[in-house]
Structure formats: C-alpha cells, structure tokens
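In what follows, a single structure is set out as structure tokens and then discussed.
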Amino acid sequence: MITSSGATLSVKASGTGPVVFLLHGFPLDHRMWLPLIETLRGQYHCIALDLRGFGGSTLDGDYSLADLAEDIECIRARLAQNQQINLVGLSMGGYVALEYWHRYGQHLNSLTLANTKPSADDPAGSAARLEMAQSAISQGAWSAVSPMLSRLLPAKTLETNIGDCVREMMRAASSDAVAAAQRAMARRREFTELIPSVRTPTLVITGELDPIAPPDATRQWSAAIPNCIYREISTSGHLTPLEKPNEFRTILTGFLNGLSA
Ligand code: MLT
C-alpha cells in the first residue's frame with residue numbers, strides 16, 4: 001500500500017527482473033492481470049496497480065487521468081527507483097499510460113497499449129459517461145456497469161470462469177469509483193495529434209472481436225506511432241490478457257526481448 005496525494009494505492013507486486021507495470025481497464029482491478037502475471041513473474045518484476053477507488057485502492061474525491069499518472073510515478077519512485085519501466089495499459093489503463101508517457105516519457109523503456117485508443121470522447125460519448133456516473137450514484141454500481149458485460153467479453157466467454165471473474169471484479173466496484181472514473185474519462189486528453197511524437201518503443205495489441213477497440217481502427221491509429229508494432233489476438237474480445245494470457249505473454253515478451261537485442 002502506497003500513499004499518493006490523499007489516496008492509498010494498492011499494488012500487487014510479484015517476480016524479479018525488468019519492471020512490467022500493469023494498468024487495468026474499467027470497471028475492473030488488478031485481478032484482470034493475474035493469469036498474465038503467472039506467466040511473466042519468472043522473468044519480470046510485475047507491478048499491477050489498482051487505480052483509485054478500485055480493488056484495494058481508496059478514493060479521495062474526483063481526480064483526473066493526470067492524477068493517475070502521478071500515482072504511477074509515485075509507485076515507480078518507491079518500487080522501481082532508478083529503473084525505467086515497461087508500462088502496459090488496457091483500455092482505461094491505456095488512456096492513463098498515454099498520460100504517463102506525456103508527463104514522464106523519460107522513465108519509459110517501452111509502452112504497450114492494449115485494447116485502447118488515443119482519441120478523446122465526442123460530445124455524445126462524454127454525455128453517456130456522465131449519465132453512467134449519475135446512474136451509478138442513483139441506481140447503484142452494478143446496475144450502471146452490467147450492460148457493459150456483453151462488450152467486454154464475447155458471448156461464449158461470458159459463460160466460462162473468465163466471465164465469472166469479470167463479474168466478480170465488476171460487482172466489487174463501488175458507485176463512487178465508477179462515477180469518478182467515468183467523469184475522469186469523459187474529460188480525458190485528446191492524444192491523436194500527439195502520438196506521432198511518441199519516441200518510446202510501442203506495442204499496440206487488440207482482440208479480433210473487440211467492439212470497443214476494433215482491429216481496423218486500432219491498426220490505423222497505431223500506424224501514426226513511429227516505432228510501433230501492431231498485433232491482433234484471434235478470437236479474443238476486449239480483455240485480451242485475461243482471455244488469452246499465453247498469447248498476450250508471447251507477444252509482449254517477444255516485443256520486450258527485441259528491445260534489449
Ligand atoms: C475499459 O475497458 O477500460 C473501458 O471500456 C474504457 C472505456 O469506457 O472507454
């Protein structure tokens with residue numbers, strides 16, 4: 001547990017080696033990374049953060065995604081001191097990873113953007129987020145987030161233990177955490193014009209069946225990043241590291257090994 005400007009942050013740290021810093025999607029927590037961590041911990045020091053309000057991390061009122069980038073820096077300074085990190089963010093975690101790159105790019109050895117996008121919301125998109133925030137407060141978190149389930153996982157996967165695991169994380173999310181995250185995402189920075197200046201080696205991954213970060217659009221924006229590899233994981237939906245941890249591990253470690261070659 002580490003304190004950063006009012007919030008107490010919970011991290012799962014496991015393994016030794018170069019740092020792989022993992023940022024989860026919404027409305028989940030660090031547990032979405034556990035199957036991947038099992039496959040990486042023999043070779044890497046994995047640090048999986050619970051973003052403010054999720055998992056074991058506390059919430060101290062509204063925040064911006066820039067505040068979450070400060071949380072990452074606070075943890076890097078404590079747990080990875082003089083090391084550069086390999087930052088991996090999925091979806092909302094990807095928005096935060098871009099914010100970290102923008103503020104602290106010098107501390108990045110590499111950047112992995114999974115099932116995410118650099119664009120901000122259009123007015124309808126941010127209005128829908130503010131509506132979900134309102135509904136989480138008035139109707140409860142589960143009723144606000146449960147309609148997302150069918151977009152997070154393919155129908156077949158929803159029936160498996162992966163579906164149970166995702167439901168468990170979603171049920172654990174509080175109304176305040178859901179509302180604060182939606183308000184922060186609604187106000188997030190537009191990165192589309194900035195990504196051509198990413199100099200950090202970057203890996204972009206999405207799932208063949210991801211409706212939130214579909215392959216065509218993802219391939220297209222990733223081409224704007226100069227030093228970027230794009231990979232697609234077949235038959236996976238939005239939560240690639242949870243659905244296909246071995247494929248994700250193979251792609252990620254192939255990328256990371258290529259950096260030090
Ligand atoms: C996520 O998986 O983090 C969310 O789908 C992100 C979003 O709502 O844009």
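Scheme for the structure tokens: letters A, B, ... for chains in order shown; per-chain residue numbers from 1; ligand numbers from 1 in order shown.
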| Tell me, which residues of region 19-166 of chain A carry DSSP alpha helix (DSSP H), written as a ChimeraX atom specification? | /A:34-40,65-79,92-104,123-139,141-145,149-152,155-158,161-166
Got a sec to check which residues lie within 7 Å of ligand 1, using only C-alpha atoms and all ligand atoms, and send them as a PyMOL selection string?
chain A and resi 25-27+90-93+152+212
Filtering to C-alpha atoms, could you give me those residues as a PDB file, in the first residue's frame?
ATOM      1  CA  GLY A  25      -9.417  -1.434 -17.537  1.00  0.00           C
ATOM      2  CA  PHE A  26     -12.744  -0.072 -16.287  1.00  0.00           C
ATOM      3  CA  PRO A  27     -14.556  -1.136 -14.075  1.00  0.00           C
ATOM      4  CA  LEU A  90      -5.516  -1.843 -21.135  1.00  0.00           C
ATOM      5  CA  SER A  91      -8.399   0.368 -22.266  1.00  0.00           C
ATOM      6  CA  MET A  92      -8.829   2.941 -19.445  1.00  0.00           C
ATOM      7  CA  GLY A  93      -5.358   1.827 -18.339  1.00  0.00           C
ATOM      8  CA  LEU A 152     -16.181  -6.665 -22.537  1.00  0.00           C
ATOM      9  CA  ILE A 212     -14.564  -1.200 -28.027  1.00  0.00           C
TER      10      ILE A 212
END
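Nearest residue to Arg171 (chain A) among A:Met1, A:Tyr63, A:Arg103, A:Leu28 is A:Leu28, counting only C-alpha atoms.
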inquiry  = Could you check the closest approach to Val96 (chain A) for each of A:Asp121, A:Glu193, A:Asp216, A:Asp71 and tell me which residue wins, using only C-alpha atoms?
reply    =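 Counting only C-alpha atoms, the residue closest to Val96 (chain A) is A:Asp71.
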Find the residues near region 184-190 of chain A: any atom within 12 Å, counting only C-alpha atoms, skip ones fewer than 6 places away on the same chain, and give them as a ChimeraX atom specification.
-> /A:25-27,51-52,61-68,91-100,102,117-133,177-178
List the neighbours of Leu36 (chain A) out to 10 Å using only C-alpha atoms; skip same-chain residues closer than 4 positions along the sequence, and give me the result as JSON, numbers by chain.
{"A": [31, 32, 40, 41, 46, 240, 241, 242, 243, 244, 245, 246, 247, 248, 249]}
Contact table region 106-209 of chain A vs region 252-258 of chain A, cut-off 10 Å, shortest pair per residue, only C-alpha atoms, as a Markdown table:
| residue | atom | partner | partner_atom | distance |
| --- | --- | --- | --- | --- |
| A:Asn109 | CA | A:Leu256 | CA | 9.2 |
| A:Ser110 | CA | A:Leu256 | CA | 7.8 |
| A:Leu111 | CA | A:Leu256 | CA | 9.9 |
| A:Thr112 | CA | A:Leu252 | CA | 8.1 |
| A:Pro201 | CA | A:Phe255 | CA | 9.1 |
| A:Thr202 | CA | A:Phe255 | CA | 8.7 |
| A:Leu203 | CA | A:Phe255 | CA | 7.2 |
| A:Val204 | CA | A:Leu252 | CA | 9.7 |
| A:Ile205 | CA | A:Leu252 | CA | 9.1 |
- Message: Please list as a PyMOL selection string every residue within 12 Å of Pro147 (chain A), counting only C-alpha atoms and excluding residues in the same chain fewer than 3 positions away.
- Response: chain A and resi 27+132+141-144+150-153+167+170
How would the residues just chosen look if you wrote them out with all heavy atoms as a compact mmCIF listing (two decimals), in the first residue's frame?
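File again.txt, as written:
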# COMPACT_ATOMS: atom_id res chain seq x y z
N PRO A 27 -14.62 -1.46 -15.50
CA PRO A 27 -14.56 -1.14 -14.08
C PRO A 27 -13.98 -2.33 -13.32
O PRO A 27 -14.68 -2.99 -12.56
CB PRO A 27 -16.02 -0.92 -13.71
CG PRO A 27 -16.76 -1.89 -14.63
CD PRO A 27 -15.88 -2.20 -15.82
N MET A 132 -23.75 7.57 -17.03
CA MET A 132 -23.43 6.36 -16.26
C MET A 132 -22.98 6.73 -14.85
O MET A 132 -23.32 6.05 -13.87
CB MET A 132 -22.35 5.50 -16.94
CG MET A 132 -22.26 4.15 -16.26
SD MET A 132 -20.79 3.17 -16.57
CE MET A 132 -21.11 2.44 -18.14
N ALA A 141 -23.86 0.73 -8.48
CA ALA A 141 -22.80 0.49 -9.48
C ALA A 141 -23.15 -0.65 -10.42
O ALA A 141 -22.97 -0.55 -11.64
CB ALA A 141 -21.48 0.20 -8.77
N TRP A 142 -23.66 -1.76 -9.88
CA TRP A 142 -23.88 -2.94 -10.72
C TRP A 142 -24.89 -2.64 -11.82
O TRP A 142 -24.70 -3.00 -12.98
CB TRP A 142 -24.30 -4.14 -9.87
CG TRP A 142 -24.65 -5.34 -10.70
CD1 TRP A 142 -25.88 -5.89 -10.88
CD2 TRP A 142 -23.74 -6.12 -11.51
NE1 TRP A 142 -25.81 -6.97 -11.72
CE2 TRP A 142 -24.52 -7.12 -12.13
CE3 TRP A 142 -22.37 -6.05 -11.77
CZ2 TRP A 142 -23.95 -8.06 -12.98
CZ3 TRP A 142 -21.82 -6.99 -12.63
CH2 TRP A 142 -22.60 -7.97 -13.23
N SER A 143 -25.96 -1.95 -11.45
CA SER A 143 -26.97 -1.66 -12.47
C SER A 143 -26.40 -0.72 -13.55
O SER A 143 -26.77 -0.80 -14.72
CB SER A 143 -28.25 -1.13 -11.80
OG SER A 143 -28.56 0.15 -12.23
N ALA A 144 -25.45 0.14 -13.17
CA ALA A 144 -24.85 1.05 -14.16
C ALA A 144 -23.86 0.32 -15.07
O ALA A 144 -23.81 0.58 -16.28
CB ALA A 144 -24.15 2.21 -13.45
N SER A 150 -21.51 -7.42 -22.13
CA SER A 150 -21.51 -8.05 -23.46
C SER A 150 -20.52 -7.36 -24.40
O SER A 150 -20.20 -7.89 -25.46
CB SER A 150 -22.90 -8.00 -24.07
OG SER A 150 -23.27 -6.65 -24.21
N ARG A 151 -20.01 -6.18 -24.02
CA ARG A 151 -18.98 -5.53 -24.83
C ARG A 151 -17.57 -5.88 -24.33
O ARG A 151 -16.59 -5.74 -25.05
CB ARG A 151 -19.18 -4.00 -24.83
CG ARG A 151 -20.42 -3.61 -25.64
CD ARG A 151 -20.81 -2.16 -25.44
NE ARG A 151 -19.81 -1.17 -25.77
CZ ARG A 151 -19.45 -0.83 -27.00
NH1 ARG A 151 -20.02 -1.41 -28.03
NH2 ARG A 151 -18.53 0.10 -27.20
N LEU A 152 -17.50 -6.33 -23.09
CA LEU A 152 -16.18 -6.66 -22.54
C LEU A 152 -15.72 -8.05 -22.98
O LEU A 152 -14.53 -8.27 -23.20
CB LEU A 152 -16.21 -6.60 -21.01
CG LEU A 152 -16.43 -5.21 -20.38
CD1 LEU A 152 -16.43 -5.30 -18.86
CD2 LEU A 152 -15.36 -4.22 -20.83
N LEU A 153 -16.68 -8.99 -23.08
CA LEU A 153 -16.32 -10.37 -23.42
C LEU A 153 -17.25 -10.93 -24.48
O LEU A 153 -18.46 -10.64 -24.46
CB LEU A 153 -16.42 -11.26 -22.17
CG LEU A 153 -15.39 -11.07 -21.06
CD1 LEU A 153 -15.76 -11.93 -19.85
CD2 LEU A 153 -13.98 -11.39 -21.52
N ARG A 167 -17.28 -10.66 -13.78
CA ARG A 167 -18.45 -10.25 -13.00
C ARG A 167 -18.06 -9.96 -11.55
O ARG A 167 -18.54 -9.00 -10.95
CB ARG A 167 -19.55 -11.32 -13.06
CG ARG A 167 -20.46 -11.15 -14.29
CD ARG A 167 -21.61 -12.16 -14.24
NE ARG A 167 -21.13 -13.48 -14.64
CZ ARG A 167 -21.18 -13.96 -15.88
NH1 ARG A 167 -21.76 -13.26 -16.83
NH2 ARG A 167 -20.69 -15.15 -16.17
N MET A 170 -16.44 -6.61 -11.40
CA MET A 170 -17.42 -5.54 -11.64
C MET A 170 -18.33 -5.35 -10.43
O MET A 170 -18.69 -4.23 -10.08
CB MET A 170 -18.24 -5.85 -12.89
CG MET A 170 -17.42 -5.71 -14.16
SD MET A 170 -18.30 -6.31 -15.61
CE MET A 170 -19.34 -4.93 -15.99
Check your understanding: What is the CA of Ser14 (chain A) to CA of Ile47 (chain A) distance in Å?
Key ->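 Going from CA of Ser14 (chain A) over to CA of Ile47 (chain A) covers 6.7 Å.
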note - CA of Ile251 (chain A) and CA of Phe191 (chain A) are separated by 24.5 Å
Let's see if you can do this: from backbone DSSP, list all strand (DSSP E or B) residues in region 2-166 of chain A, as an mmCIF file with C-alpha atoms, in the first residue's frame.
data_model
loop_
_atom_site.group_PDB
_atom_site.id
_atom_site.type_symbol
_atom_site.label_atom_id
_atom_site.label_comp_id
_atom_site.auth_asym_id
_atom_site.auth_seq_id
_atom_site.Cartn_x
_atom_site.Cartn_y
_atom_site.Cartn_z
ATOM 1 C CA ILE A 2 1.451 3.336 -1.045
ATOM 2 C CA THR A 3 0.049 6.800 -0.412
ATOM 3 C CA SER A 4 -0.122 9.390 -3.155
ATOM 4 C CA ALA A 7 -5.273 8.212 -1.944
ATOM 5 C CA THR A 8 -3.875 4.959 -0.562
ATOM 6 C CA LEU A 9 -2.906 2.824 -3.513
ATOM 7 C CA VAL A 11 -0.385 -2.750 -5.725
ATOM 8 C CA LYS A 12 0.257 -6.396 -6.427
ATOM 9 C CA ALA A 13 3.995 -6.865 -6.965
ATOM 10 C CA SER A 14 5.440 -10.217 -7.996
ATOM 11 C CA VAL A 19 9.697 -3.914 -14.387
ATOM 12 C CA VAL A 20 6.411 -4.547 -16.197
ATOM 13 C CA PHE A 21 3.878 -2.069 -14.783
ATOM 14 C CA LEU A 22 0.245 -3.071 -15.440
ATOM 15 C CA LEU A 23 -2.812 -0.770 -15.546
ATOM 16 C CA HIS A 45 9.051 -7.752 -11.778
ATOM 17 C CA CYS A 46 5.315 -7.279 -12.332
ATOM 18 C CA ILE A 47 3.618 -4.341 -10.598
ATOM 19 C CA ALA A 48 -0.167 -4.247 -11.016
ATOM 20 C CA LEU A 49 -1.821 -1.121 -9.619
ATOM 21 C CA ILE A 85 9.569 0.763 -16.664
ATOM 22 C CA ASN A 86 7.708 -1.184 -19.336
ATOM 23 C CA LEU A 87 4.240 0.298 -18.971
ATOM 24 C CA VAL A 88 1.247 -1.775 -20.108
ATOM 25 C CA GLY A 89 -2.261 -0.268 -20.046
ATOM 26 C CA LEU A 90 -5.516 -1.843 -21.135
ATOM 27 C CA LEU A 108 9.635 4.580 -20.005
ATOM 28 C CA ASN A 109 11.617 1.745 -21.515
ATOM 29 C CA SER A 110 8.556 0.768 -23.538
ATOM 30 C CA LEU A 111 4.832 1.379 -23.835
ATOM 31 C CA THR A 112 2.184 -1.269 -24.501
ATOM 32 C CA LEU A 113 -1.311 -0.061 -25.369
ATOM 33 C CA ALA A 114 -3.845 -2.880 -25.259
#
* Asked: Looking at only C-alpha atoms, which of A:Val145, A:Pro211, A:Gln139, A:Tyr104 is the one that sits closest to Cys74 (chain A)?
  ->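 Using only C-alpha atoms, the shortest distance to Cys74 (chain A) belongs to A:Tyr104.
Comparing the minimum interatomic distances between His30 (chain A) and each of A:Gly42, A:Asn161, A:Ile233, A:Ser57, counting only C-alpha atoms, we find that A:Ser57 sits nearest.
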